[in-house]
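start_10.cif, holding mmCIF, C-alpha atoms:
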data_target
#
loop_
_atom_site.label_atom_id
_atom_site.label_comp_id
_atom_site.auth_asym_id
_atom_site.auth_seq_id
_atom_site.Cartn_x
_atom_site.Cartn_y
_atom_site.Cartn_z
CA MET A 1 171.65 6.77 38.99
CA ASN A 2 171.02 10.44 39.77
CA ARG A 3 172.68 11.38 36.46
CA ILE A 4 170.36 9.07 34.51
CA PHE A 5 167.00 9.66 36.16
CA GLY A 6 167.75 13.01 37.82
CA THR A 7 166.88 14.12 41.30
CA SER A 8 163.53 15.36 42.47
CA LYS A 9 164.09 18.92 43.67
CA LYS A 10 161.39 20.42 45.81
CA ILE A 11 160.02 23.55 44.18
CA PRO A 12 159.37 26.23 46.81
CA LYS A 13 155.77 27.22 47.13
CA PRO A 14 154.94 30.74 45.97
CA THR A 15 154.37 33.30 48.63
CA LEU A 16 151.15 35.24 48.96
CA ASN A 17 152.68 38.33 47.39
CA GLN A 18 153.90 36.28 44.42
CA ALA A 19 150.43 34.77 43.96
CA ILE A 20 148.87 38.24 44.00
CA ALA A 21 151.36 39.51 41.43
CA SER A 22 150.73 36.48 39.17
CA THR A 23 146.95 36.98 39.38
CA ASP A 24 147.28 40.67 38.55
CA LEU A 25 149.30 39.78 35.44
CA ARG A 26 146.54 37.41 34.33
CA VAL A 27 143.97 40.15 34.86
CA ASP A 28 146.02 42.50 32.67
CA ALA A 29 146.24 39.85 29.93
CA VAL A 30 142.46 39.33 29.96
CA GLU A 31 141.94 43.11 29.82
CA VAL A 32 144.04 43.26 26.64
CA LYS A 33 141.86 40.57 25.03
CA ILE A 34 138.68 42.40 26.02
CA LYS A 35 139.95 45.60 24.41
CA LYS A 36 140.68 43.74 21.16
CA LEU A 37 137.16 42.33 21.16
CA ASP A 38 135.75 45.81 21.78
CA ALA A 39 137.59 47.14 18.76
CA GLU A 40 136.30 44.24 16.65
CA LEU A 41 132.73 44.84 17.84
CA ALA A 42 133.01 48.53 16.97
CA LYS A 43 134.12 47.59 13.42
CA TYR A 44 131.17 45.19 12.95
CA LYS A 45 128.79 47.79 14.30
CA ASP A 46 129.95 50.36 11.73
CA GLN A 47 129.55 47.82 8.94
CA MET A 48 126.02 46.96 10.06
CA LYS A 49 125.05 50.64 9.96
CA LYS A 50 126.12 50.91 6.32
CA LEU A 51 124.31 47.74 5.13
CA ARG A 52 120.66 47.16 4.53
CA ASP A 53 118.76 44.26 5.96
CA GLY A 54 119.73 41.08 4.21
CA PRO A 55 122.05 38.09 4.22
CA GLY A 56 125.21 40.27 4.33
CA LYS A 57 124.06 42.20 7.34
CA ASN A 58 122.93 39.00 9.07
CA ALA A 59 126.34 37.41 8.56
CA ILE A 60 128.10 40.40 10.10
CA LYS A 61 125.58 40.36 12.91
CA ALA A 62 126.36 36.67 13.60
CA LYS A 63 130.10 37.51 13.82
CA ALA A 64 129.35 40.35 16.18
CA MET A 65 127.27 38.05 18.41
CA ARG A 66 130.11 35.52 18.53
CA VAL A 67 132.62 38.23 19.49
CA LEU A 68 130.22 39.57 22.13
CA LYS A 69 129.92 36.11 23.71
CA GLN A 70 133.71 35.86 23.88
CA LYS A 71 133.85 39.26 25.50
CA LYS A 72 131.33 38.18 28.15
CA LEU A 73 133.39 35.09 28.92
CA TYR A 74 136.58 37.12 29.28
CA GLU A 75 134.80 39.65 31.48
CA GLY A 76 133.65 36.83 33.75
CA GLN A 77 137.20 35.49 33.98
CA ARG A 78 138.52 38.98 34.71
CA ASP A 79 135.99 39.49 37.51
CA GLN A 80 136.91 36.14 39.06
CA LEU A 81 140.62 36.90 38.91
CA GLN A 82 140.10 40.34 40.42
CA GLN A 83 138.07 38.83 43.24
CA GLN A 84 140.79 36.24 43.87
CA SER A 85 143.43 38.98 43.96
CA PHE A 86 141.31 41.02 46.37
CA ASN A 87 140.85 38.04 48.68
CA MET A 88 144.56 37.32 48.69
CA GLU A 89 145.33 40.97 49.44
CA GLN A 90 142.94 40.86 52.40
CA ALA A 91 144.61 37.67 53.65
CA ASN A 92 148.01 39.28 53.21
CA PHE A 93 146.88 42.37 55.10
CA THR A 94 145.53 40.22 57.95
CA THR A 95 148.76 38.23 58.06
CA GLU A 96 150.83 41.39 58.28
CA ASN A 97 148.63 42.67 61.10
CA LEU A 98 149.09 39.43 63.00
CA ARG A 99 152.85 39.66 62.54
CA ASN A 100 152.80 43.19 63.89
CA VAL A 101 150.71 42.05 66.84
CA MET A 102 153.14 39.23 67.60
CA SER A 103 156.08 41.62 67.37
CA THR A 104 154.31 43.99 69.76
CA VAL A 105 153.59 41.16 72.19
CA ASP A 106 157.21 39.98 72.09
CA ALA A 107 158.45 43.50 72.74
CA MET A 108 156.04 43.90 75.66
CA GLN A 109 157.20 40.59 77.16
CA LEU A 110 160.83 41.64 76.93
CA ALA A 111 160.01 44.99 78.51
CA ASN A 112 158.09 43.25 81.29
CA LYS A 113 161.03 40.98 82.08
CA GLU A 114 163.42 43.91 82.08
CA MET A 115 161.16 45.89 84.40
CA GLN A 116 160.94 42.97 86.80
CA LYS A 117 164.75 42.71 86.87
CA GLN A 118 165.08 46.41 87.59
CA TYR A 119 162.41 46.40 90.31
CA LYS A 120 164.18 43.57 92.07
CA LYS A 121 167.13 45.93 92.52
CA ILE A 122 164.94 48.56 94.17
CA ASP A 123 164.07 48.34 97.89
CA ILE A 124 161.08 50.46 98.82
CA ASN A 125 162.08 50.37 102.49
CA ASN A 126 165.47 51.78 101.59
CA ILE A 127 163.82 54.60 99.63
CA GLU A 128 161.59 55.45 102.60
CA LYS A 129 164.63 55.45 104.90
CA ILE A 130 166.45 57.84 102.54
CA GLN A 131 163.42 60.16 102.53
CA ASP A 132 163.28 60.12 106.34
CA ASP A 133 167.01 60.85 106.58
CA MET A 134 166.68 63.75 104.17
CA GLU A 135 163.80 65.17 106.18
CA ASP A 136 165.83 64.94 109.39
CA LEU A 137 168.80 66.62 107.74
CA MET A 138 166.59 69.47 106.51
CA GLU A 139 165.21 69.99 110.01
CA GLN A 140 168.74 70.03 111.43
CA ALA A 141 169.81 72.57 108.81
CA ASN A 142 166.87 74.83 109.76
CA ASP A 143 167.81 74.55 113.44
CA ILE A 144 171.39 75.52 112.64
CA GLN A 145 170.21 78.57 110.65
CA GLU A 146 167.98 79.68 113.50
CA THR A 147 170.82 79.23 115.97
CA LEU A 148 173.25 81.24 113.85
CA GLY A 149 170.67 84.02 113.39
CA ARG A 150 170.04 84.46 117.15
CA THR A 151 170.43 88.02 118.60
CA TYR A 152 172.54 88.44 121.73
CA SER A 153 172.64 92.25 122.28
CA LEU A 154 169.01 92.96 123.22
CA PRO A 155 167.73 91.84 126.62
CA GLU A 156 164.55 89.84 126.72
CA ASP A 157 162.84 91.95 129.42
CA ILE A 158 162.96 95.27 127.52
CA ASP A 159 159.79 97.35 127.63
CA GLU A 160 158.17 98.09 124.25
CA ASP A 161 156.57 101.32 125.56
CA GLU A 162 160.00 102.67 126.41
CA LEU A 163 161.21 101.82 122.91
CA GLU A 164 158.29 103.70 121.33
CA ALA A 165 158.91 106.75 123.53
CA GLU A 166 162.60 106.73 122.62
CA LEU A 167 161.72 106.42 118.94
CA ASP A 168 159.40 109.47 119.15
CA ALA A 169 162.06 111.49 120.99
CA LEU A 170 164.61 110.51 118.35
CA GLY A 171 162.29 111.85 115.66
CA ASP A 172 161.88 115.20 117.44
CA GLU A 173 165.64 115.53 117.88
CA MET A 174 166.25 114.89 114.18
CA LEU A 175 163.66 117.56 113.28
CA PHE A 176 165.32 120.07 115.64
CA ASN A 177 168.72 119.42 114.10
CA GLU A 178 167.35 120.04 110.63
CA GLU A 179 165.95 123.45 111.71
CA GLN A 180 169.33 124.61 113.10
CA GLU A 181 171.25 125.16 109.89
CA PRO A 182 174.94 126.22 110.12
CA SER A 183 175.72 129.89 109.40
CA TYR A 184 178.08 129.06 106.57
CA LEU A 185 175.24 127.34 104.72
CA GLN A 186 172.87 130.32 105.08
CA GLU A 187 172.49 132.75 102.19
CA THR A 188 174.12 136.18 102.68
CA PRO A 189 171.85 139.08 101.58
CA VAL A 190 173.31 141.20 98.78
CA ALA A 191 173.56 144.95 99.52
CA GLU A 192 171.73 147.16 97.05
CA LEU A 193 173.80 149.80 95.23
CA PRO A 194 172.56 153.43 95.24
CA SER A 195 170.82 154.33 92.04
CA THR A 196 172.01 157.41 90.07
CA GLY A 197 169.90 159.59 87.91
CA GLN A 198 171.94 158.88 84.78
CA SER A 199 174.57 156.29 84.11
CA GLU A 200 178.01 157.02 82.74
CA LEU A 201 177.12 155.19 79.52
CA GLU A 202 174.17 157.45 78.94
CA THR A 203 176.41 160.51 79.53
CA GLU A 204 178.99 159.28 77.07
CA ALA A 205 176.27 158.58 74.50
CA GLN A 206 175.05 162.15 74.80
CA ASN A 207 178.63 163.52 74.21
CA LEU A 208 178.85 161.76 70.77
CA ASP A 209 178.12 163.64 67.54
CA GLU A 210 175.94 162.42 64.70
CA PHE A 211 178.87 160.37 63.26
CA GLY A 212 179.48 158.54 66.53
CA LEU A 213 182.62 160.55 67.35
CA PRO A 214 183.27 162.57 70.52
CA ALA A 215 181.78 166.03 70.18
CA ALA A 216 184.10 169.00 70.37
CA PRO A 217 183.73 171.21 73.46
CA LEU A 218 181.77 174.40 72.93
CA LYS A 219 183.66 177.70 73.18
CA ASN A 220 182.25 180.63 75.09
CA ALA A 221 181.27 183.57 72.95
CA ALA A 222 183.51 186.62 73.35
#

Take the structure I supplied and represent it as C-alpha cells, if you would.
Amino acid sequence: MNRIFGTSKKIPKPTLNQAIASTDLRVDAVEVKIKKLDAELAKYKDQMKKLRDGPGKNAIKAKAMRVLKQKKLYEGQRDQLQQQSFNMEQANFTTENLRNVMSTVDAMQLANKEMQKQYKKIDINNIEKIQDDMEDLMEQANDIQETLGRTYSLPEDIDEDELEAELDALGDEMLFNEEQEPSYLQETPVAELPSTGQSELETEAQNLDEFGLPAAPLKNAA
C-alpha cells in the first residue's frame, strides 16, 4: 500500500534564519524588477521629450503611466518584505539573547552547586583553631629567640655612672697612646751639607776650551 499511495513524510518547518534568507532573496528579486521598470520609464521619458503634443506622445505617456503603476506596486511589495525581514531579525536577535541568558543561568546554577559542595568541606571552627595554633607557635618562637639572646656576663646591679666614668677614662688613655709615637716611626732630620763657593762641575766647565775640550795648561814665560 505504501508503494501505491506513498507515505506522508513530515516536512521540517523552516528555521527563523532560513525564513530571513528566503525573504531577502524575494526582496532582491523585486529590486531587479524595479530596476527594469526604471530603465523602461527612462526610455519613455526620452521619447516624450522628442515628440510634440499629439496622439503619439499620449500613447507613450499612457505606457509610461502603466509602467509607473507597476513600479509603485513592486516598491510596496519590497517595503513589506523588508519590514518582514527586519521583524524576523529582531525576533532572532531576541531569541539568541534569551538563549545566552539561559546558558548564563545554567552556568551560575552549576557554579552555585559546586561552591556549596566545596563549602561543606570547610569547617570555619577548624580554620580558627589553626589560626590560634599558629599565633601560639609564633609567640613561643619569639620567647625562644629572647631566651637564646639573653646576656649572662654583665651583672644586673652595675652602676651606669661608673660605666660612663670608665668610658671617659678609656678615651683619655687612647688619646695619650696616640701622642706617644715610637721612635722608629719618627722622622730623622737630615744634616745639611756645607756649601762651597764653586762646585767641581763649574770648575771643570771653566777648564774647557771653546771646542769643549780640556784646555792646555799655561806655561810660565821665561

> Looking at all atoms listed in the file, which of A:Lys13, A:Lys45, A:Lys50, A:Arg78 is the one that sits closest to Ala64 (chain A)?
Replying inline: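 Nearest to Ala64 (chain A): A:Lys45.
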
> From the list A:Tyr119, A:Phe93, A:Tyr74, A:Phe86, which residue is nearest Lys35 (chain A) when using all atoms listed in the file?
Replying inline: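 Closest to Lys35 (chain A), using all atoms listed in the file: A:Tyr74.
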
> Rounded to one decimal in Å, what is the spacing between CA of Asp46 (chain A) and CA of Arg66 (chain A)?
Replying inline: 16.3 Å

> How would you write as a PyMOL selection string the residues that get within 6 Å of (148.6, 39.7, 47.7) in the file's frame, counting all atoms listed in the file?
Replying inline: chain A and resi 16-17+20+88-89+92

>> Could you tell me, as a list in words, exactly which residues end up selected when the PyMOL selection byres ((chain A and resi 38) around 12) is applied to this structure?
In response: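 Selection result, ordered by chain and number: Glu31, Val32, Lys33, Ile34, Lys35, Lys36, Leu37, Ala39, Glu40, Leu41, Ala42, Lys43, Tyr44, Lys45, Ala64, Met65, Val67, Leu68, Lys69, Gln70, Lys71, Lys72, Tyr74 and Glu75 of chain A.
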
>> For a test of reading the model, state the distance in Å between CA of Thr104 (chain A) and CA of Gln118 (chain A), rounded to one decimal.
In response: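 Taking CA of Thr104 (chain A) as the start and CA of Gln118 (chain A) as the end point, the length is 21.0 Å.
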
> Any idea what the distance is between CA of Leu25 (chain A) and CA of Glu96 (chain A)?
Replying inline: 22.9 Å
